[in-house]
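A short worksheet on the structure shown next.
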Number of protein chains: 2
Amino acid sequence: MNFLEDRIVKEGSVKPGGILKVDSFLNHQLDIALLEKIGREFTRRFAGKPITKVLTIESSGIAIAYPVARELGVPLVVAKKSHSVQLNGEVYIAEIESYTGKTVHQVVVAKKYLCSEDRVLIIDDFLANGCALQGLISLVDAADATVVGLGIAIEKGFQEGGHRIRNLGYHLESLAIIDSMDAESGVITFRQQP
Amino acid sequence: MNFLEDRIVKEGSVKPGGILKVDSFLNHQLDIALLEKIGREFTRRFAGKPITKVLTIESSGIAIAYPVARELGVPLVVAKKSHSVQLNGEVYIAEIESYTGKTVHQVVVAKKYLCSEDRVLIIDDFLANGCALQGLISLVDAADATVVGLGIAIEKGFQEGGHRIRNLGYHLESLAIIDSMDAESGVITFRQQP
């Protein structure tokens with residue numbers, strides 16, 4: 001087990017409906033030392049690829065993408081979930097269906113922060129059905145920029161998102177891939193990774 | 001002018017209705033080097049005070065609070081704007097009226113992440129009417145914890161929030177306090193700080 005899988009086993013809890021709670025270290029109370037480690041691991045996995053921007057989506061992607069952008073020395077662009085009054089002007093828009101919320105919402109990025117020369121590393125906390133990632137990919141595509149890779153903290157390998165995105169030819173790195181998890185026993189099985 | 005005021009003058013833009021856009025470096029595209037500098041400055045201003053947690057509110061507070069929590073070596077607790085399915089269980093709830101959105105929403109923190117021994121530094125990006133900060137203060141109060149101080153990147157000094165919170169006796173540090181700004185001329189006047 002790697003450091004993240006280890007932490008998931010120690011502190012994560014499985015809830016009915018395919019929900020994994022990692023509130024104590026990843027998305028409500030944040031363990032900064034762990035996030036720094038995640039940042040360094042992504043930097044290592046995408047080393048040697050020219051990257052000009054890190055792109056994530058508010059809000060739980062931000063703290064994972066922050067150390068990655070810092071290590072790479074590039075700006076972090078945060079896609080916004082609501083088209084607020086602050087963002088009037090030219091924006092790229094994608095529609096995303098949330099897994100837990102069971103709602104469809106728009107995600108937007110101001111056009112001036114993604115251009116055709118950009119080589120973008122997409123970072124997010126969870127990958128399940130892949131809708132959020134596909135939304136982020138479509139924002140990069142809309143800007144005629146290049147998706148260099150996608151880094152995910154926790155992938156639910158028993159849902160189709162990861163499979164679908166790898167099939168499209170993208171370089172997707174998930175630090176922990178859960179092949180199965182059981183709400184009753186609490187048992188979590190991770191996919192073996194090289 | 002300090003480094004943040006300088007950046008606001010260079011890249012911020014004033015919109016009608018008391019709106020300051022700092023999209024290019026603070027809350028849509030993030031300049032990590034600037035955020036690191038903000039983090040170090042807050043750490044300096046609250047140096048010597050025992051702090052056990054940093055508390056912020058999603059989503060634009062996260063990237064400002066991250067380097068502060070890292071420098072202090074404490075967990076970062078992110079108050080959530082919606083009471084999602086992920087947060088069922090015991091929570092503290094406060095009501096916050098948003099300035100730009102003109103809506104009232106709840107902000108919640110799971111009870112297990114704030115306890116009476118906690119000494120909390122509250123960090124956020126903007127301070128205008130003070131509703132968000134007062135909501136965060138009330139979450140800390142509900143936990144019987146102590147507010148050690150509040151650190152804000154940009155305070156709109158022409159609104160009542162900062163005055164109100166200082167009057168309550170809190171140690172509030174704002175890196176840039178805007179005394180006036182004019183949408184037509186674009187002129188921004190900062191309050192002189194020691």
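Residue numbering restarts at 1 in every chain; chains get A, B, ... in the order shown in the structure tokens, and ligands count up from 1 in that same order.
Backbone DSSP assigns helix (DSSP H, G or I) in stretch 42-129 of chain A to Phe42, Thr43, Arg44, Arg45, Ile62, Ala63, Ile64, Ala65, Tyr66, Pro67, Val68, Ala69, Arg70, Glu71, Leu72, Val85, Gln86, Leu87, Lys111, Lys112 and Tyr113 of chain A.
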Include C-alpha atoms and write out the residues we just selected as an mmCIF file, in the first residue's frame.
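Final output, part.cif:
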```
data_model
loop_
_atom_site.group_PDB
_atom_site.id
_atom_site.type_symbol
_atom_site.label_atom_id
_atom_site.label_comp_id
_atom_site.auth_asym_id
_atom_site.auth_seq_id
_atom_site.Cartn_x
_atom_site.Cartn_y
_atom_site.Cartn_z
ATOM 1 C CA PHE A 42 1.972 13.938 -9.022
ATOM 2 C CA THR A 43 4.979 16.069 -9.921
ATOM 3 C CA ARG A 44 7.080 12.902 -10.042
ATOM 4 C CA ARG A 45 4.543 11.003 -12.153
ATOM 5 C CA ILE A 62 -7.962 23.230 -4.906
ATOM 6 C CA ALA A 63 -5.916 21.972 -1.956
ATOM 7 C CA ILE A 64 -4.672 19.003 -3.994
ATOM 8 C CA ALA A 65 -3.785 21.092 -7.027
ATOM 9 C CA TYR A 66 -2.085 23.835 -4.989
ATOM 10 C CA PRO A 67 1.145 21.978 -4.141
ATOM 11 C CA VAL A 68 1.318 20.553 -7.680
ATOM 12 C CA ALA A 69 1.152 24.027 -9.245
ATOM 13 C CA ARG A 70 3.701 25.300 -6.730
ATOM 14 C CA GLU A 71 6.134 22.466 -7.467
ATOM 15 C CA LEU A 72 5.731 23.017 -11.214
ATOM 16 C CA VAL A 85 -21.454 37.990 -11.207
ATOM 17 C CA GLN A 86 -17.652 38.077 -10.823
ATOM 18 C CA LEU A 87 -17.199 36.083 -14.022
ATOM 19 C CA LYS A 111 -11.338 32.399 -21.733
ATOM 20 C CA LYS A 112 -8.331 34.561 -20.909
ATOM 21 C CA TYR A 113 -6.925 31.926 -18.541
#
```
Considering only C-alpha atoms, extract the chain B residues located within 9 Å of chain A and return them as a PyMOL selection string. chain B and resi 19-21+23-25+27-33+36+58-60+62-63+66-67+69-70+73-80+84-87+100-101+109-110+112-113
Using DSSP on the backbone coordinates, identify the residues of stretch 10-146 of chain B assigned to strand (DSSP E); present them as a count of residues only. 41
Can you pull out every residue within 10 Å of stretch 1-4 of chain A, counting only C-alpha atoms, but drop anything in the same chain fewer than 2 positions away, and send it as a ChimeraX atom specification? /A:6-10,34-35,37-38,153-154,175-176,190-193
With N, CA and C atoms kept, could you save the residues just selected as a CSV table (one decimal), in the first residue's frame?
```
chain,number,residue,atom,x,y,z
A,6,ASP,N,-2.8,3.8,2.5
A,6,ASP,CA,-2.6,3.5,3.9
A,6,ASP,C,-3.5,4.4,4.7
A,7,ARG,N,-3.6,5.7,4.4
A,7,ARG,CA,-4.4,6.7,5.1
A,7,ARG,C,-5.9,6.4,4.9
A,8,ILE,N,-6.2,6.0,3.7
A,8,ILE,CA,-7.7,5.7,3.4
A,8,ILE,C,-8.1,4.5,4.3
A,9,VAL,N,-7.3,3.5,4.4
A,9,VAL,CA,-7.6,2.4,5.2
A,9,VAL,C,-7.8,2.8,6.7
A,10,LYS,N,-6.8,3.6,7.1
A,10,LYS,CA,-6.8,4.0,8.6
A,10,LYS,C,-8.0,4.9,8.9
A,34,LEU,N,0.1,15.6,4.2
A,34,LEU,CA,-0.3,14.6,3.2
A,34,LEU,C,-0.5,15.2,1.8
A,35,LEU,N,-1.2,16.4,1.8
A,35,LEU,CA,-1.4,17.0,0.5
A,35,LEU,C,-0.1,17.4,-0.2
A,37,LYS,N,2.6,15.7,0.1
A,37,LYS,CA,3.2,14.4,-0.4
A,37,LYS,C,2.4,14.1,-1.7
A,38,ILE,N,1.1,14.3,-1.7
A,38,ILE,CA,0.4,14.0,-3.0
A,38,ILE,C,0.9,14.9,-4.1
A,153,ALA,N,-6.5,11.9,-6.9
A,153,ALA,CA,-6.1,11.3,-5.6
A,153,ALA,C,-6.8,9.9,-5.5
A,154,ILE,N,-8.1,9.9,-5.5
A,154,ILE,CA,-8.8,8.6,-5.3
A,154,ILE,C,-9.7,8.3,-6.5
A,175,LEU,N,-3.7,8.0,-7.6
A,175,LEU,CA,-2.8,7.6,-6.5
A,175,LEU,C,-3.3,6.4,-5.8
A,176,ALA,N,-4.7,6.3,-5.7
A,176,ALA,CA,-5.3,5.1,-5.1
A,176,ALA,C,-6.5,4.8,-6.0
A,190,PHE,N,-7.8,-2.3,-3.0
A,190,PHE,CA,-7.2,-1.4,-3.9
A,190,PHE,C,-6.6,-2.2,-5.1
A,191,ARG,N,-6.6,-1.5,-6.3
A,191,ARG,CA,-6.0,-2.2,-7.5
A,191,ARG,C,-4.5,-2.1,-7.3
A,192,GLN,N,-3.8,-3.2,-7.7
A,192,GLN,CA,-2.4,-3.2,-7.7
A,192,GLN,C,-1.9,-2.3,-8.8
A,193,GLN,N,-1.0,-1.4,-8.5
A,193,GLN,CA,-0.4,-0.5,-9.5
A,193,GLN,C,1.1,-0.7,-9.5
```
If we count only C-alpha atoms, what is near stretch 162-172 of chain B at a cut-off of 9 Å, once residues fewer than 3 positions away on the same chain are taken out, given as number ranges by chain? B: 127-130, 133-134, 147-152, 155-157, 159
Could you turn the residues from that selection into a file that holds all heavy atoms, as a tab-separated table (two decimals), in the first residue's frame?
```tsv
chain	number	residue	atom	x	y	z
B	127	LEU	N	-13.10	40.58	2.84
B	127	LEU	CA	-13.95	41.02	3.94
B	127	LEU	C	-14.72	42.25	3.46
B	127	LEU	O	-14.11	43.24	3.06
B	127	LEU	CB	-13.11	41.36	5.17
B	127	LEU	CG	-13.79	42.12	6.31
B	127	LEU	CD1	-15.03	41.40	6.82
B	127	LEU	CD2	-12.81	42.35	7.46
B	128	ALA	N	-16.05	42.14	3.45
B	128	ALA	CA	-16.86	43.28	3.01
B	128	ALA	C	-17.84	43.63	4.13
B	128	ALA	O	-17.51	44.35	5.06
B	128	ALA	CB	-17.57	42.94	1.71
B	129	ASN	N	-19.02	43.03	4.11
B	129	ASN	CA	-19.97	43.32	5.20
B	129	ASN	C	-19.70	42.46	6.44
B	129	ASN	O	-20.32	42.67	7.48
B	129	ASN	CB	-21.42	43.15	4.71
B	129	ASN	CG	-21.73	41.72	4.29
B	129	ASN	OD1	-21.00	40.79	4.62
B	129	ASN	ND2	-22.82	41.54	3.56
B	130	GLY	N	-18.79	41.51	6.34
B	130	GLY	CA	-18.38	40.74	7.50
B	130	GLY	C	-19.24	39.53	7.82
B	130	GLY	O	-18.98	38.82	8.79
B	133	LEU	N	-17.24	36.17	7.81
B	133	LEU	CA	-16.36	36.06	8.99
B	133	LEU	C	-17.18	35.85	10.26
B	133	LEU	O	-16.81	35.05	11.12
B	133	LEU	CB	-15.52	37.33	9.15
B	133	LEU	CG	-14.24	37.40	8.33
B	133	LEU	CD1	-13.34	38.49	8.87
B	133	LEU	CD2	-13.50	36.07	8.31
B	134	GLN	N	-18.29	36.55	10.37
B	134	GLN	CA	-19.11	36.36	11.58
B	134	GLN	C	-19.69	34.95	11.64
B	134	GLN	O	-19.82	34.37	12.71
B	134	GLN	CB	-20.19	37.44	11.66
B	134	GLN	CG	-19.55	38.79	11.98
B	134	GLN	CD	-20.55	39.83	12.46
B	134	GLN	OE1	-21.46	40.19	11.73
B	134	GLN	NE2	-20.37	40.29	13.69
B	147	VAL	N	-11.11	31.96	19.05
B	147	VAL	CA	-10.64	32.65	17.85
B	147	VAL	C	-9.38	33.43	18.22
B	147	VAL	O	-9.44	34.40	18.97
B	147	VAL	CB	-11.70	33.62	17.29
B	147	VAL	CG1	-11.14	34.40	16.10
B	147	VAL	CG2	-12.96	32.87	16.88
B	148	VAL	N	-8.24	32.97	17.70
B	148	VAL	CA	-6.97	33.63	18.01
B	148	VAL	C	-6.82	34.90	17.17
B	148	VAL	O	-6.27	35.91	17.62
B	148	VAL	CB	-5.80	32.66	17.71
B	148	VAL	CG1	-4.47	33.38	17.77
B	148	VAL	CG2	-5.83	31.50	18.68
B	149	GLY	N	-7.33	34.84	15.96
B	149	GLY	CA	-7.22	36.00	15.08
B	149	GLY	C	-7.88	35.71	13.76
B	149	GLY	O	-8.34	34.58	13.50
B	150	LEU	N	-7.95	36.75	12.93
B	150	LEU	CA	-8.55	36.62	11.60
B	150	LEU	C	-7.65	37.30	10.59
B	150	LEU	O	-7.25	38.45	10.79
B	150	LEU	CB	-9.94	37.27	11.57
B	150	LEU	CG	-10.93	36.78	12.64
B	150	LEU	CD1	-11.00	37.78	13.79
B	150	LEU	CD2	-12.32	36.55	12.06
B	151	GLY	N	-7.32	36.59	9.53
B	151	GLY	CA	-6.46	37.13	8.49
B	151	GLY	C	-7.20	37.20	7.17
B	151	GLY	O	-7.76	36.22	6.71
B	152	ILE	N	-7.19	38.39	6.57
B	152	ILE	CA	-7.94	38.65	5.35
B	152	ILE	C	-6.99	39.19	4.29
B	152	ILE	O	-6.12	40.01	4.61
B	152	ILE	CB	-9.04	39.71	5.62
B	152	ILE	CG1	-10.06	39.17	6.62
B	152	ILE	CG2	-9.71	40.19	4.34
B	152	ILE	CD1	-10.88	38.00	6.10
B	155	GLU	N	-9.58	43.69	2.37
B	155	GLU	CA	-10.73	44.21	3.11
B	155	GLU	C	-11.29	45.44	2.39
B	155	GLU	O	-10.54	46.34	2.00
B	155	GLU	CB	-10.29	44.62	4.53
B	155	GLU	CG	-11.39	45.28	5.33
B	155	GLU	CD	-10.94	45.71	6.74
B	155	GLU	OE1	-9.96	45.13	7.25
B	155	GLU	OE2	-11.57	46.63	7.30
B	156	LYS	N	-12.60	45.43	2.20
B	156	LYS	CA	-13.24	46.62	1.66
B	156	LYS	C	-13.55	47.54	2.84
B	156	LYS	O	-14.58	47.40	3.51
B	156	LYS	CB	-14.52	46.24	0.91
B	156	LYS	CG	-14.23	45.47	-0.38
B	156	LYS	CD	-15.50	45.00	-1.05
B	156	LYS	CE	-15.19	44.34	-2.39
B	156	LYS	NZ	-16.39	43.68	-2.97
B	157	GLY	N	-12.62	48.46	3.09
B	157	GLY	CA	-12.70	49.31	4.28
B	157	GLY	C	-13.89	50.26	4.26
B	157	GLY	O	-14.25	50.82	5.30
B	159	GLN	N	-16.84	49.30	3.62
B	159	GLN	CA	-18.01	48.58	4.15
B	159	GLN	C	-17.77	48.32	5.64
B	159	GLN	O	-16.65	48.47	6.14
B	159	GLN	CB	-18.24	47.29	3.36
B	159	GLN	CG	-18.81	47.60	1.97
B	159	GLN	CD	-19.30	46.34	1.28
B	159	GLN	OE1	-18.71	45.89	0.32
B	159	GLN	NE2	-20.36	45.77	1.80
```
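Excluding stretch 116-118 of chain B itself and same-chain residues fewer than 6 positions from it, the residues having an atom within 10 Å of it are Pro50, Ile51, Thr52, Lys53, Val54, Val140, Asp141, Ala142, Ala143, Asp144, Ala145, Thr146, Val147 and Val148 of chain B, counting only C-alpha atoms.
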For the selection you just gave me, I'd like the residues written to a file as an mmCIF file, in the first residue's frame, keeping C-alpha atoms.
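As a result, out16.cif now contains:
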```
data_model
loop_
_atom_site.group_PDB
_atom_site.id
_atom_site.type_symbol
_atom_site.label_atom_id
_atom_site.label_comp_id
_atom_site.auth_asym_id
_atom_site.auth_seq_id
_atom_site.Cartn_x
_atom_site.Cartn_y
_atom_site.Cartn_z
ATOM 1 C CA PRO B 50 -0.480 29.334 19.853
ATOM 2 C CA ILE B 51 -2.687 28.141 16.986
ATOM 3 C CA THR B 52 -4.027 24.599 16.603
ATOM 4 C CA LYS B 53 -6.233 24.953 13.501
ATOM 5 C CA VAL B 54 -6.686 27.219 10.527
ATOM 6 C CA VAL B 140 -15.750 28.487 16.489
ATOM 7 C CA ASP B 141 -17.917 29.829 19.334
ATOM 8 C CA ALA B 142 -20.341 26.935 18.939
ATOM 9 C CA ALA B 143 -17.432 24.549 19.498
ATOM 10 C CA ASP B 144 -16.369 26.516 22.590
ATOM 11 C CA ALA B 145 -13.041 27.007 20.869
ATOM 12 C CA THR B 146 -11.022 30.262 20.768
ATOM 13 C CA VAL B 147 -10.637 32.648 17.849
ATOM 14 C CA VAL B 148 -6.966 33.634 18.006
#
```
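Picture a line from atom CA of A:Thr103 to atom CA of B:Ala94; it runs 24.2 Å.
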